[in-house]
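Engineer: Below is data23.cif; it holds mmCIF, C-alpha atoms.
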```
data_final
#
loop_
_atom_site.label_atom_id
_atom_site.label_comp_id
_atom_site.auth_asym_id
_atom_site.auth_seq_id
_atom_site.Cartn_x
_atom_site.Cartn_y
_atom_site.Cartn_z
CA MET L 162 5.75 125.94 55.19
CA PRO L 163 2.12 127.14 55.19
CA ILE L 164 0.73 129.31 52.40
CA ASP L 165 1.50 133.01 52.94
CA GLU L 166 -2.09 134.27 53.04
CA SER L 167 -1.12 137.94 53.27
CA ALA L 168 0.96 137.68 50.08
CA TYR L 169 -1.94 135.93 48.37
CA ASP L 170 -4.35 138.67 49.41
CA ARG L 171 -2.01 141.40 48.15
CA ARG L 172 -1.68 139.67 44.79
CA ARG L 173 -5.43 139.29 44.35
CA LEU L 174 -5.92 142.95 45.37
CA ARG L 175 -3.51 144.10 42.67
CA GLN L 176 -5.42 142.07 40.09
CA TRP L 177 -8.73 143.51 41.28
CA LEU L 178 -7.42 147.07 41.11
CA ALA L 179 -6.20 146.54 37.56
CA GLY L 180 -9.67 145.38 36.52
CA GLU L 181 -11.38 148.27 38.30
CA ALA L 182 -9.12 150.80 36.62
CA ARG L 183 -10.18 149.57 33.20
CA ALA L 184 -13.84 149.52 34.21
CA GLU L 185 -13.62 153.17 35.33
CA GLY L 186 -12.17 154.27 32.01
CA VAL L 187 -8.57 154.88 33.07
CA SER L 188 -6.42 155.26 29.95
CA ARG L 189 -4.31 152.33 28.80
CA ARG L 190 -1.11 154.33 29.33
CA ASP L 191 -2.06 155.35 32.88
CA MET L 192 -3.32 151.86 33.69
CA LEU L 193 -0.06 150.29 32.52
CA ARG L 194 1.95 152.84 34.49
CA LEU L 195 -0.05 152.25 37.67
CA ALA L 196 -0.04 148.49 37.21
CA ALA L 197 3.70 148.42 36.61
CA ALA L 198 4.24 150.48 39.75
CA ALA L 199 2.13 147.97 41.67
CA GLY L 200 3.98 145.04 40.15
CA VAL L 201 0.87 143.66 38.44
CA LEU L 202 2.24 143.21 34.92
CA THR L 203 4.97 140.97 33.67
CA THR L 204 6.09 140.63 30.06
CA LEU L 205 5.54 138.05 27.40
CA ALA L 206 8.13 138.00 24.62
CA GLY L 207 8.88 141.65 25.29
CA ARG L 208 5.19 142.67 25.26
CA PRO L 209 3.00 143.52 28.27
CA VAL L 210 0.60 140.83 29.35
CA ARG L 211 -2.93 141.77 28.27
CA ALA L 212 -4.77 143.25 31.23
CA TYR L 213 -8.33 141.97 31.47
CA ALA L 214 -11.13 144.51 31.37
CA ASP L 215 -13.35 142.43 33.62
CA THR L 216 -12.79 141.61 37.26
CA PRO L 217 -12.00 137.91 37.89
CA ALA L 218 -14.55 135.93 39.85
CA PRO L 219 -14.16 136.80 43.57
CA GLY L 220 -12.40 134.10 45.55
CA SER L 221 -11.67 131.85 42.57
CA GLY L 222 -7.95 132.62 42.38
CA ILE L 223 -8.33 132.73 38.59
CA VAL L 224 -7.06 135.71 36.56
CA LYS L 225 -9.20 135.70 33.42
CA PRO L 226 -12.86 136.76 33.38
CA LEU L 227 -15.39 134.01 34.08
CA PRO L 228 -18.73 135.18 32.67
CA PRO L 229 -21.61 132.87 33.65
CA GLU L 230 -22.56 132.22 30.03
CA LEU L 231 -19.14 130.62 29.50
CA PHE L 232 -18.24 129.07 32.84
CA THR L 233 -19.57 127.44 35.97
CA ILE L 234 -17.32 128.35 38.88
CA ARG L 235 -16.44 125.46 41.18
CA GLY L 236 -14.29 126.78 44.01
CA THR L 237 -10.81 127.52 42.63
CA ASN L 238 -11.85 125.94 39.32
CA ALA L 239 -13.91 127.03 36.31
CA GLU L 240 -15.86 124.50 34.23
CA THR L 241 -16.59 125.30 30.59
CA ASN L 242 -20.27 125.35 29.68
CA TRP L 243 -20.60 123.06 26.66
CA SER L 244 -23.16 125.29 24.98
CA ALA L 245 -20.42 127.96 24.79
CA LEU L 246 -18.33 125.72 22.50
CA ARG L 247 -20.88 125.49 19.70
CA GLY L 248 -19.45 127.06 16.57
CA THR L 249 -16.03 127.78 18.09
CA GLY L 250 -14.10 125.43 15.81
CA PHE L 251 -11.74 122.60 16.61
CA HIS L 252 -9.59 124.40 19.20
CA THR L 253 -11.08 125.66 22.44
CA PRO L 254 -10.69 129.45 22.61
CA VAL L 255 -8.59 130.55 25.59
CA ASP L 256 -11.44 132.69 26.91
CA ARG L 257 -13.55 129.55 27.42
CA PHE L 258 -10.88 126.94 28.22
CA PHE L 259 -11.58 125.33 31.61
CA VAL L 260 -9.32 126.05 34.60
CA ARG L 261 -8.26 123.48 37.19
CA ASN L 262 -6.25 124.98 40.06
CA HIS L 263 -5.30 123.46 43.37
CA THR L 264 -4.67 126.92 44.84
CA SER L 265 -4.57 130.15 42.81
CA THR L 266 -3.06 131.24 39.52
CA PRO L 267 0.44 132.70 40.11
CA LEU L 268 1.62 135.75 38.17
CA LEU L 269 5.12 134.76 37.08
CA ASP L 270 7.68 136.96 35.36
CA GLU L 271 9.07 135.17 32.31
CA ALA L 272 12.28 137.23 32.43
CA SER L 273 13.24 135.74 35.79
CA TRP L 274 11.69 132.29 35.25
CA ARG L 275 14.06 129.33 35.25
CA LEU L 276 13.50 125.61 34.78
CA LYS L 277 15.78 123.55 37.00
CA VAL L 278 16.44 119.93 35.97
CA TRP L 279 18.14 117.81 38.58
CA GLY L 280 18.36 114.40 40.24
CA SER L 281 20.10 111.03 40.36
CA GLY L 282 19.00 110.18 36.83
CA LEU L 283 21.30 112.86 35.39
CA ARG L 284 25.05 113.02 35.07
CA GLY L 285 26.48 115.09 37.91
CA ALA L 286 23.26 116.79 39.08
CA PRO L 287 22.07 114.86 42.17
CA GLY L 288 20.61 117.81 44.11
CA LEU L 289 18.46 120.83 43.39
CA ASP L 290 21.40 123.06 44.30
CA ARG L 291 23.32 121.55 41.37
CA ALA L 292 20.51 121.72 38.83
CA VAL L 293 20.95 122.29 35.12
CA GLU L 294 19.01 125.47 34.36
CA PHE L 295 17.11 126.66 31.29
CA ASP L 296 15.41 130.01 30.81
CA LEU L 297 12.63 130.71 28.33
CA HIS L 298 15.10 132.01 25.75
CA ASP L 299 17.02 128.72 25.98
CA LEU L 300 13.86 126.74 25.28
CA ARG L 301 12.81 128.93 22.37
CA ARG L 302 16.21 128.42 20.73
CA LEU L 303 15.62 124.67 20.58
CA PRO L 304 13.69 123.02 17.72
CA SER L 305 10.00 123.48 18.39
CA VAL L 306 7.10 121.08 17.94
CA THR L 307 3.39 121.87 17.54
CA LEU L 308 0.61 119.44 18.41
CA ASP L 309 -3.14 119.35 18.94
CA ALA L 310 -4.10 117.77 22.24
CA PHE L 311 -6.78 117.91 24.88
CA VAL L 312 -6.18 118.48 28.56
CA GLU L 313 -8.84 116.90 30.78
CA CYS L 314 -9.23 116.64 34.52
CA ALA L 315 -9.32 113.04 35.75
CA GLY L 316 -12.55 113.90 37.58
CA ASN L 317 -14.37 115.19 34.49
CA GLY L 318 -17.89 113.74 34.59
CA ARG L 319 -17.59 112.97 38.31
CA SER L 320 -21.10 114.21 39.16
CA TYR L 321 -22.66 111.49 36.99
CA PHE L 322 -21.42 108.78 39.33
CA THR L 323 -24.03 110.15 41.73
CA SER L 324 -26.75 111.55 39.47
CA GLN L 325 -26.88 108.55 37.10
CA GLN L 326 -25.56 105.64 39.15
CA GLY L 327 -26.30 106.61 42.76
CA ASP L 328 -22.66 106.22 43.82
CA THR L 329 -21.11 108.30 46.59
CA VAL L 330 -17.89 110.01 45.49
CA THR L 331 -15.75 112.90 46.67
CA GLY L 332 -14.25 115.85 44.83
CA THR L 333 -15.33 118.69 42.57
CA ALA L 334 -18.71 117.93 41.01
CA TRP L 335 -17.71 118.39 37.38
CA THR L 336 -20.21 117.62 34.66
CA LEU L 337 -18.34 117.26 31.32
CA GLY L 338 -16.74 120.68 30.98
CA ALA L 339 -13.36 120.00 32.58
CA ILE L 340 -11.73 119.54 29.18
CA GLY L 341 -10.34 121.71 26.43
CA ALA L 342 -8.38 121.03 23.25
CA ALA L 343 -5.74 123.46 22.02
CA ARG L 344 -2.83 123.76 19.63
CA TRP L 345 0.29 123.70 21.78
CA ARG L 346 3.77 124.74 20.77
CA GLY L 347 6.93 124.04 22.70
CA VAL L 348 10.01 121.88 22.87
CA ARG L 349 10.19 118.14 23.32
CA LEU L 350 10.92 117.22 26.92
CA SER L 351 13.21 114.47 25.63
CA HIS L 352 15.44 117.12 24.03
CA VAL L 353 15.72 119.08 27.28
CA LEU L 354 16.41 115.94 29.31
CA ARG L 355 19.23 114.87 27.02
CA LEU L 356 20.78 118.33 27.16
CA ALA L 357 20.57 118.11 30.95
CA GLY L 358 22.51 114.83 30.96
CA LEU L 359 19.88 112.08 31.11
CA THR L 360 21.40 108.68 31.86
CA ARG L 361 20.19 105.20 30.99
CA HIS L 362 19.55 104.61 34.70
CA ALA L 363 16.72 107.16 34.88
CA VAL L 364 13.35 105.64 35.82
CA ASP L 365 10.98 108.46 36.79
CA LEU L 366 10.87 112.20 36.54
CA GLN L 367 8.73 114.58 38.56
CA PRO L 368 7.78 118.07 37.35
CA ARG L 369 6.76 120.52 40.08
CA GLY L 370 4.73 123.70 39.69
CA LEU L 371 5.43 127.18 41.00
CA ASP L 372 1.92 127.80 42.31
CA ASP L 373 1.29 128.04 46.06
CA GLU L 374 1.72 125.04 48.29
CA TYR L 375 -1.46 123.00 48.63
CA VAL L 376 -2.96 122.67 52.11
CA THR L 377 -5.86 120.29 52.69
CA GLY L 378 -7.31 119.07 55.98
CA GLY L 379 -4.68 121.13 57.80
CA VAL L 380 -1.85 119.25 56.08
CA ASN L 381 0.60 121.03 53.78
CA LEU L 382 1.28 118.75 50.81
CA GLY L 383 3.72 121.13 49.15
CA ARG L 384 3.59 122.29 45.57
CA VAL L 385 1.69 120.25 43.02
CA ARG L 386 3.91 117.56 41.50
CA ARG L 387 3.41 114.13 40.00
CA PRO L 388 5.84 111.48 38.76
CA LEU L 389 5.99 110.54 35.10
CA PRO L 390 7.74 107.44 33.69
CA VAL L 391 10.80 108.30 31.65
CA ALA L 392 9.44 106.15 28.81
CA LYS L 393 6.43 108.47 28.44
CA ALA L 394 8.56 111.58 28.84
CA LEU L 395 10.78 110.47 25.97
CA ASP L 396 7.80 109.66 23.76
CA ASP L 397 5.51 112.65 23.14
CA VAL L 398 5.66 115.01 26.14
CA ILE L 399 6.47 118.66 25.46
CA LEU L 400 7.27 121.74 27.50
CA ALA L 401 4.67 124.10 26.05
CA TYR L 402 5.10 127.87 25.93
CA GLU L 403 2.34 128.72 23.43
CA MET L 404 -1.37 127.95 23.30
CA ASN L 405 -3.42 128.53 20.16
CA GLY L 406 -0.63 130.60 18.65
CA GLU L 407 -0.17 132.94 21.62
CA PRO L 408 2.10 132.87 24.70
CA LEU L 409 0.61 130.76 27.47
CA PRO L 410 -1.91 132.75 29.54
CA HIS L 411 -1.37 132.91 33.29
CA ASP L 412 -4.27 130.56 34.10
CA HIS L 413 -2.93 127.92 31.73
CA GLY L 414 0.67 127.74 32.87
CA HIS L 415 2.57 130.91 31.90
CA PRO L 416 5.37 130.89 31.04
CA VAL L 417 5.85 127.11 30.56
CA ARG L 418 3.80 124.02 31.36
CA VAL L 419 4.17 120.29 30.86
CA LEU L 420 1.88 118.84 28.19
CA VAL L 421 1.36 115.06 28.40
CA PRO L 422 -0.87 113.97 25.50
CA SER L 423 -3.75 111.60 26.34
CA TRP L 424 -2.95 111.41 30.05
CA VAL L 425 -5.03 112.72 32.95
CA GLY L 426 -4.83 116.45 33.57
CA ILE L 427 -2.78 116.26 36.78
CA SER L 428 0.16 115.01 34.67
CA ASN L 429 0.17 118.31 32.74
CA ILE L 430 1.89 120.39 35.43
CA LYS L 431 1.34 124.13 34.97
CA TRP L 432 3.90 126.83 35.84
CA VAL L 433 6.63 124.19 35.93
CA GLY L 434 9.68 125.30 37.93
CA ASP L 435 11.78 122.19 38.33
CA ILE L 436 11.93 118.59 37.18
CA GLU L 437 13.52 115.88 39.30
CA VAL L 438 14.95 112.99 37.27
CA SER L 439 15.50 109.88 39.39
CA ASP L 440 17.09 106.47 39.05
CA GLN L 441 14.49 105.21 41.57
CA PRO L 442 10.66 105.34 41.50
CA LEU L 443 9.27 108.67 42.74
CA TYR L 444 6.20 109.34 44.85
CA SER L 445 4.04 112.30 45.81
CA PRO L 446 0.54 112.68 47.27
CA TRP L 447 -0.67 113.00 43.68
CA ASN L 448 0.17 109.39 42.88
CA THR L 449 -0.30 107.81 46.32
CA ASP L 450 -3.32 109.44 48.02
CA PHE L 451 -4.89 110.98 44.90
CA TYR L 452 -5.31 109.89 41.29
CA ARG L 453 -5.56 106.22 42.05
CA LEU L 454 -8.75 104.13 42.14
CA PHE L 455 -10.08 103.12 45.55
CA GLY L 456 -13.29 101.33 46.44
CA PRO L 457 -14.89 97.87 46.74
CA SER L 458 -14.08 96.97 43.13
CA HIS L 459 -10.41 97.92 43.42
CA PRO L 460 -7.47 96.54 45.42
CA ALA L 461 -7.44 97.43 49.11
CA GLU L 462 -4.27 99.45 48.61
CA GLY L 463 -5.75 101.15 45.54
CA SER L 464 -5.02 100.72 41.87
CA ALA L 465 -1.82 101.74 40.19
CA PRO L 466 -1.67 105.52 39.58
CA ILE L 467 -4.04 106.37 36.75
CA THR L 468 -2.48 107.52 33.50
CA ARG L 469 -4.48 107.60 30.26
CA GLN L 470 -7.80 109.34 29.99
CA THR L 471 -10.91 107.39 29.13
CA LEU L 472 -13.67 107.63 26.49
CA LYS L 473 -16.38 110.34 26.58
CA SER L 474 -18.93 112.26 24.51
CA ALA L 475 -20.71 115.55 25.11
CA PHE L 476 -23.45 117.58 23.41
CA GLU L 477 -22.92 121.28 22.66
CA THR L 478 -26.35 121.97 24.09
CA GLY L 479 -27.30 123.24 27.51
CA SER L 480 -28.95 120.83 29.92
CA GLY L 481 -32.71 121.36 29.84
CA ALA L 482 -32.71 122.90 26.35
CA ALA L 483 -36.07 123.15 24.57
CA PHE L 484 -36.58 122.08 20.95
CA ASP L 485 -39.60 123.00 18.84
CA ALA L 486 -41.58 120.04 17.55
CA GLY L 487 -41.89 119.73 13.78
CA VAL L 488 -38.68 121.66 13.11
CA ARG L 489 -35.40 120.16 11.99
CA HIS L 490 -32.57 120.83 14.45
CA ARG L 491 -28.87 120.08 14.19
CA LEU L 492 -27.38 118.41 17.23
CA THR L 493 -23.63 118.87 17.62
CA GLY L 494 -21.06 117.53 20.01
CA ARG L 495 -17.57 116.16 20.51
CA SER L 496 -16.10 112.80 21.53
CA TRP L 497 -12.60 111.88 22.67
CA SER L 498 -10.49 109.05 24.03
CA GLY L 499 -7.12 108.73 25.70
CA ALA L 500 -6.52 105.43 23.91
CA GLY L 501 -6.86 106.57 20.29
CA GLY L 502 -8.93 108.49 17.79
CA ILE L 503 -12.73 108.42 17.49
CA ARG L 504 -13.99 105.95 14.87
CA ARG L 505 -17.78 106.15 15.35
CA VAL L 506 -20.39 108.14 17.29
CA GLU L 507 -24.01 107.06 17.72
CA VAL L 508 -26.76 109.33 19.00
CA SER L 509 -30.13 108.56 20.56
CA THR L 510 -32.86 111.20 20.76
CA ASP L 511 -35.38 108.96 22.56
CA ALA L 512 -33.50 108.19 25.79
CA GLY L 513 -31.68 105.18 24.36
CA VAL L 514 -34.48 103.30 22.62
CA THR L 515 -33.05 103.79 19.13
CA TRP L 516 -29.66 104.95 17.84
CA ARG L 517 -28.43 106.66 14.68
CA ARG L 518 -24.90 107.18 13.47
CA ALA L 519 -23.67 110.79 13.60
CA ASP L 520 -21.55 112.48 10.94
CA LEU L 521 -17.91 112.88 12.00
CA HIS L 522 -16.22 116.14 11.02
CA ASP L 523 -12.63 115.34 12.01
CA ARG L 524 -10.45 112.39 11.11
CA PRO L 525 -9.58 110.05 13.98
CA ARG L 526 -6.47 111.28 15.74
CA PRO L 527 -4.99 110.30 19.09
CA ALA L 528 -4.83 112.75 22.00
CA THR L 529 -7.62 115.00 20.75
CA TRP L 530 -11.33 115.00 20.01
CA SER L 531 -13.59 114.67 16.99
CA ARG L 532 -16.58 116.90 16.31
CA TRP L 533 -19.84 115.37 15.09
CA SER L 534 -23.41 116.33 14.17
CA LEU L 535 -26.83 114.80 13.57
CA ASP L 536 -30.07 116.31 12.26
CA TRP L 537 -33.17 115.73 14.39
CA ARG L 538 -36.81 116.58 13.68
CA PRO L 539 -38.73 115.82 16.89
CA THR L 540 -42.45 115.13 16.59
CA THR L 541 -43.64 114.20 20.08
CA PRO L 542 -43.78 116.98 22.71
CA GLY L 543 -42.51 116.23 26.18
CA PRO L 544 -39.29 115.47 28.06
CA THR L 545 -36.68 113.19 26.56
CA ALA L 546 -32.96 112.55 26.88
CA LEU L 547 -30.22 112.85 24.29
CA LEU L 548 -27.47 110.23 24.47
CA ALA L 549 -24.20 109.95 22.58
CA ARG L 550 -21.80 107.01 22.66
CA ALA L 551 -18.44 106.87 20.96
CA THR L 552 -16.25 104.03 19.76
CA ASP L 553 -12.52 104.67 19.47
CA THR L 554 -9.93 103.21 17.13
CA THR L 555 -9.08 100.47 19.66
CA GLY L 556 -12.65 99.17 19.33
CA ARG L 557 -13.78 100.29 22.79
CA THR L 558 -17.31 101.73 23.10
CA GLN L 559 -18.70 103.80 25.96
CA PRO L 560 -20.61 101.57 28.40
CA ASP L 561 -24.05 102.15 29.92
CA THR L 562 -22.52 102.27 33.41
CA THR L 563 -19.01 102.42 34.77
CA THR L 564 -17.32 100.88 37.80
CA PRO L 565 -17.34 103.41 40.67
CA ASN L 566 -14.37 104.57 42.69
CA THR L 567 -14.46 106.69 45.83
CA GLN L 568 -12.80 109.76 44.30
CA GLY L 569 -14.89 109.78 41.15
CA TYR L 570 -12.19 109.47 38.50
CA LEU L 571 -12.49 108.36 34.87
CA PHE L 572 -16.26 108.37 34.40
CA ASP L 573 -16.82 107.00 30.89
CA ALA L 574 -20.45 105.86 30.74
CA VAL L 575 -22.97 107.30 28.30
CA VAL L 576 -24.38 110.52 29.77
CA ARG L 577 -28.13 111.20 29.70
CA HIS L 578 -28.66 114.78 28.52
CA PRO L 579 -32.19 115.95 29.47
CA VAL L 580 -34.08 118.15 27.00
CA THR L 581 -37.71 118.97 26.25
CA VAL L 582 -39.64 118.98 22.99
CA VAL L 583 -42.27 121.73 22.93
CA ASP L 584 -45.25 122.14 20.64
CA ARG L 585 -45.32 125.87 19.92
CA PRO L 586 -48.16 127.16 17.75
CA THR L 587 -45.79 129.45 15.83
CA ALA L 588 -43.53 126.56 14.97
CA GLN L 589 -46.29 124.93 12.90
CA HIS L 590 -46.18 127.83 10.45
CA GLN L 591 -42.43 128.17 10.16
CA PRO L 592 -40.62 126.76 7.11
CA GLU L 593 -38.62 123.66 7.83
CA GLY L 594 -34.93 124.28 8.25
CA VAL L 595 -31.97 123.25 10.33
CA ARG L 596 -31.87 125.02 13.68
CA PRO L 597 -29.51 124.63 16.59
CA GLY L 598 -31.18 123.53 19.78
CA ARG L 599 -30.92 126.11 22.54
CA ALA L 600 -31.97 126.49 26.12
CA ARG L 601 -35.04 128.64 26.69
CA ALA L 602 -34.91 130.28 30.12
#
```
As structure tokens, how would this structure be written, given the file I've shared?

Structural biologist:
Amino acid sequence: MPIDESAYDRRRLRQWLAGEARAEGVSRRDMLRLAAAAGVLTTLAGRPVRAYADTPAPGSGIVKPLPPELFTIRGTNAETNWSALRGTGFHTPVDRFFVRNHTSTPLLDEASWRLKVWGSGLRGAPGLDRAVEFDLHDLRRLPSVTLDAFVECAGNGRSYFTSQQGDTVTGTAWTLGAIGAARWRGVRLSHVLRLAGLTRHAVDLQPRGLDDEYVTGGVNLGRVRRPLPVAKALDDVILAYEMNGEPLPHDHGHPVRVLVPSWVGISNIKWVGDIEVSDQPLYSPWNTDFYRLFGPSHPAEGSAPITRQTLKSAFETGSGAAFDAGVRHRLTGRSWSGAGGIRRVEVSTDAGVTWRRADLHDRPRPATWSRWSLDWRPTTPGPTALLARATDTTGRTQPDTTTPNTQGYLFDAVVRHPVTVVDRPTAQHQPEGVRPGRARA
């Protein structure tokens, strides 16, 4: 059935009113009372969800504030500005973690939330009406696991197919900010599946979200869902209910999401409501029409559904930043790979003519990134480009160019980061010291 637009509008209005109340100085007690009466607040572990003081970006469908110094809004999505990550530590703070939504963030009540596990790959649960159910309390009673992992949209870096290679691609024009790394806590999916009656005949499982049905080109594709091989599900996948030590925020999957380490973001279904477990291969638009590689260099029917993320590097410096000549600056950034940990990062400050090895600040670990830095004392004023290329523990190094595909997935080439070196008279009289590069508007 089509999306209920009137219900969506009412929900966004309630969120807007809650933000306006705080902005006008309404007391916390009165705001909570009014919000509860309007049905705005749910609870997290017996505590009210934190109401945001700022109004969400109009039309984004995202709950948390999206200040322009932290995010670039792209439709229903919010891309993290890399300069906002400098000095934030290993884990991406929730207030600057990117958001990828197909529709809008739902406000779910954890008290009434249920996970339904069903399908022909379970004993005695062939249909959704005969599902094995778990509530949040059930999951929290099970042994928990904590892991560090990034979540990254498959289209992260998509815009560089066009800007660097001249390729025509479709989709959201992400730069490199559709990624974040967090500390996730939850329960192993394998544990839940076995409790639900997993059989040796199971082949695929398909988590499905509780966000609105996705309509594109006048076609209703239903709720976001994507199959996952049982072998991967039994390996390292978790049902996460905490992020960076706090209950999952609404925009990041409250109350429970699927976390699939190293795999493309679409595998990490947010707001999961049910999981079909099948003894036959499963299909959805998200592994047939989307998230496969199409184009002249790929099979006519498309590649197999994409799974692991690829290799990338990014500077924690705004595009177009200006650096004073004759002053020592510290360049910082992060590199990551879906195939393993980061073994080496090389940086060029002269548009790729020469390269120097950066200092790594994190040991190589799979499923997450490594931070790095390099000191640079530019001497020649004028425009230049910063480049970073990583090598992972499998021995793979970022290429100069990457094979295009029509939907712009898995860009992994070295990105040219334009900056300018300026010869400021005051800089000649300043003592030499390490400075972070920053954009000068």

Engineer: Could I get the residues of region 238-348 of chain L with an atom no further than 12 Å from an atom of region 564-581 of chain L, each paired with its nearest atom pair and that distance in Å to one decimal, using only C-alpha atoms, sorted by chain and residue number, as CSV?

Structural biologist:
```
residue,atom,partner,partner_atom,distance
L:Trp243,CA,L:His578,CA,11.7
L:Glu313,CA,L:Leu571,CA,10.1
L:Cys314,CA,L:Tyr570,CA,8.7
L:Ala315,CA,L:Tyr570,CA,5.3
L:Gly316,CA,L:Tyr570,CA,4.5
L:Asn317,CA,L:Phe572,CA,7.1
L:Gly318,CA,L:Phe572,CA,5.6
L:Arg319,CA,L:Gly569,CA,5.1
L:Ser320,CA,L:Gly569,CA,7.9
L:Tyr321,CA,L:Val576,CA,7.5
L:Phe322,CA,L:Gly569,CA,6.9
L:Thr323,CA,L:Gly569,CA,9.2
L:Ser324,CA,L:Arg577,CA,9.9
L:Gln325,CA,L:Arg577,CA,8.0
L:Gln326,CA,L:Pro565,CA,8.7
L:Gly327,CA,L:Pro565,CA,9.7
L:Asp328,CA,L:Pro565,CA,6.8
L:Thr329,CA,L:Thr567,CA,6.9
L:Val330,CA,L:Thr567,CA,4.8
L:Thr331,CA,L:Gln568,CA,4.9
L:Gly332,CA,L:Gln568,CA,6.3
L:Thr333,CA,L:Gly569,CA,9.0
L:Ala334,CA,L:Gly569,CA,9.0
L:Trp335,CA,L:Gly569,CA,9.8
L:Thr336,CA,L:Val576,CA,9.6
L:Leu337,CA,L:Val576,CA,9.2
L:Ala339,CA,L:Leu571,CA,11.9
```

Engineer: If you apply the PyMOL selection byres ((chain L and resi 347) around 7) to this file, what residues do you get, as a compact mmCIF listing (two decimals) with C-alpha atoms, in the coordinates of the input?

Structural biologist:
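Heads up, here's the output in part_39.txt:
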```txt
# COMPACT_ATOMS: atom_id res chain seq x y z
CA SER L 305 10.00 123.48 18.39
CA VAL L 306 7.10 121.08 17.94
CA THR L 307 3.39 121.87 17.54
CA TRP L 345 0.29 123.70 21.78
CA ARG L 346 3.77 124.74 20.77
CA VAL L 348 10.01 121.88 22.87
CA ARG L 349 10.19 118.14 23.32
CA ILE L 399 6.47 118.66 25.46
CA LEU L 400 7.27 121.74 27.50
CA ALA L 401 4.67 124.10 26.05
CA TYR L 402 5.10 127.87 25.93
CA GLU L 403 2.34 128.72 23.43
```

Engineer: Nearest residue to Arg518 (chain L) out of L:Arg538, L:Val506, L:Thr545, L:Asn262, using only C-alpha atoms?

Structural biologist: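 Closest candidate: L:Val506.
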
Engineer: Using all atoms listed in the file, find the one residue out of L:Asp290, L:Asp523, L:Asp373, L:Glu230 that sits nearest to Val278 (chain L).

Structural biologist: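 Ranked by minimum distance to Val278 (chain L), first place goes to L:Asp290.
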
Engineer: Write out as a ChimeraX atom specification which residues come within 9 Å of Gly502 (chain L) when counting only C-alpha atoms, dropping same-chain ones fewer than 6 positions away.

Structural biologist: /L:524-531,552-555

Engineer: Select, from L:Gly285, L:Gly494, L:Gly426, L:Pro416, the residue with the minimum atom-to-atom distance to Ala245 (chain L), counting only C-alpha atoms.

Structural biologist: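 Smallest separation from Ala245 (chain L) among the options: L:Gly494.
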
Engineer: Env of Ser281 (chain L): 6 Å cut, atoms = all atoms listed in the file, seq-sep filter 3 positions within chain, self excluded. Answer as a VMD selection string.

Structural biologist: chain L and resid 287 439 to 440

Engineer: Dump C-alpha atoms for the selected residues as a CSV table (one decimal), in the frame of the given file?

Structural biologist:
```csv
chain,number,residue,atom,x,y,z
L,287,PRO,CA,22.1,114.9,42.2
L,439,SER,CA,15.5,109.9,39.4
L,440,ASP,CA,17.1,106.5,39.0
```

Engineer: When distances are computed from only C-alpha atoms, which of L:Pro539, L:Gly501, L:Pro422, L:Gly338 shows the smallest separation from Ser474 (chain L)?

Structural biologist: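 The answer is L:Gly338, which sits nearest to Ser474 (chain L).
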
Engineer: Excluding Pro368 (chain L) and residues on its chain fewer than 2 positions from it, collect all residues at most 6 Å away from it, counting all atoms listed in the file, and give them as a ChimeraX atom specification.

Structural biologist: /L:386,435-436

Engineer: Give as a PyMOL selection string the set of residues within 6 Å of the point (-9.0, 120.9, 24.3), where distances use the file's coordinates and all atoms listed in the file.

Structural biologist: chain L and resi 253+311-312+340-343

Engineer: Neighbouring residues of Pro466 (chain L) were defined as those with any atom within 8 Å, considering all atoms listed in the file; residues of the same chain fewer than 2 positions away were excluded. Please report them as a VMD selection string.

Structural biologist: chain L and resid 448 to 449 452 to 454 464 468

Engineer: As a PDB file, keeping the file's coordinate frame, could you write out region 402-409 of chain L once it has been completed with N, CA and C atoms?

Structural biologist:
```
ATOM      1  N   TYR L 402       5.052 126.451  25.598  1.00  0.00           N
ATOM      2  CA  TYR L 402       5.100 127.870  25.930  1.00  0.00           C
ATOM      3  C   TYR L 402       4.127 128.702  25.096  1.00  0.00           C
ATOM      4  N   GLU L 403       3.381 128.033  24.196  1.00  0.00           N
ATOM      5  CA  GLU L 403       2.340 128.720  23.430  1.00  0.00           C
ATOM      6  C   GLU L 403       1.067 127.884  23.423  1.00  0.00           C
ATOM      7  N   MET L 404      -0.055 128.580  23.325  1.00  0.00           N
ATOM      8  CA  MET L 404      -1.370 127.950  23.300  1.00  0.00           C
ATOM      9  C   MET L 404      -2.211 128.665  22.256  1.00  0.00           C
ATOM     10  N   ASN L 405      -2.633 127.942  21.254  1.00  0.00           N
ATOM     11  CA  ASN L 405      -3.420 128.530  20.160  1.00  0.00           C
ATOM     12  C   ASN L 405      -2.717 129.719  19.521  1.00  0.00           C
ATOM     13  N   GLY L 406      -1.400 129.598  19.349  1.00  0.00           N
ATOM     14  CA  GLY L 406      -0.630 130.600  18.650  1.00  0.00           C
ATOM     15  C   GLY L 406      -0.230 131.814  19.459  1.00  0.00           C
ATOM     16  N   GLU L 407      -0.518 131.816  20.751  1.00  0.00           N
ATOM     17  CA  GLU L 407      -0.170 132.940  21.620  1.00  0.00           C
ATOM     18  C   GLU L 407       0.622 132.426  22.822  1.00  0.00           C
ATOM     19  N   PRO L 408       1.419 133.297  23.475  1.00  0.00           N
ATOM     20  CA  PRO L 408       2.100 132.870  24.700  1.00  0.00           C
ATOM     21  C   PRO L 408       1.090 132.330  25.713  1.00  0.00           C
ATOM     22  N   LEU L 409       1.505 131.352  26.473  1.00  0.00           N
ATOM     23  CA  LEU L 409       0.610 130.760  27.470  1.00  0.00           C
ATOM     24  C   LEU L 409       0.013 131.827  28.376  1.00  0.00           C
TER      25      LEU L 409
END
```
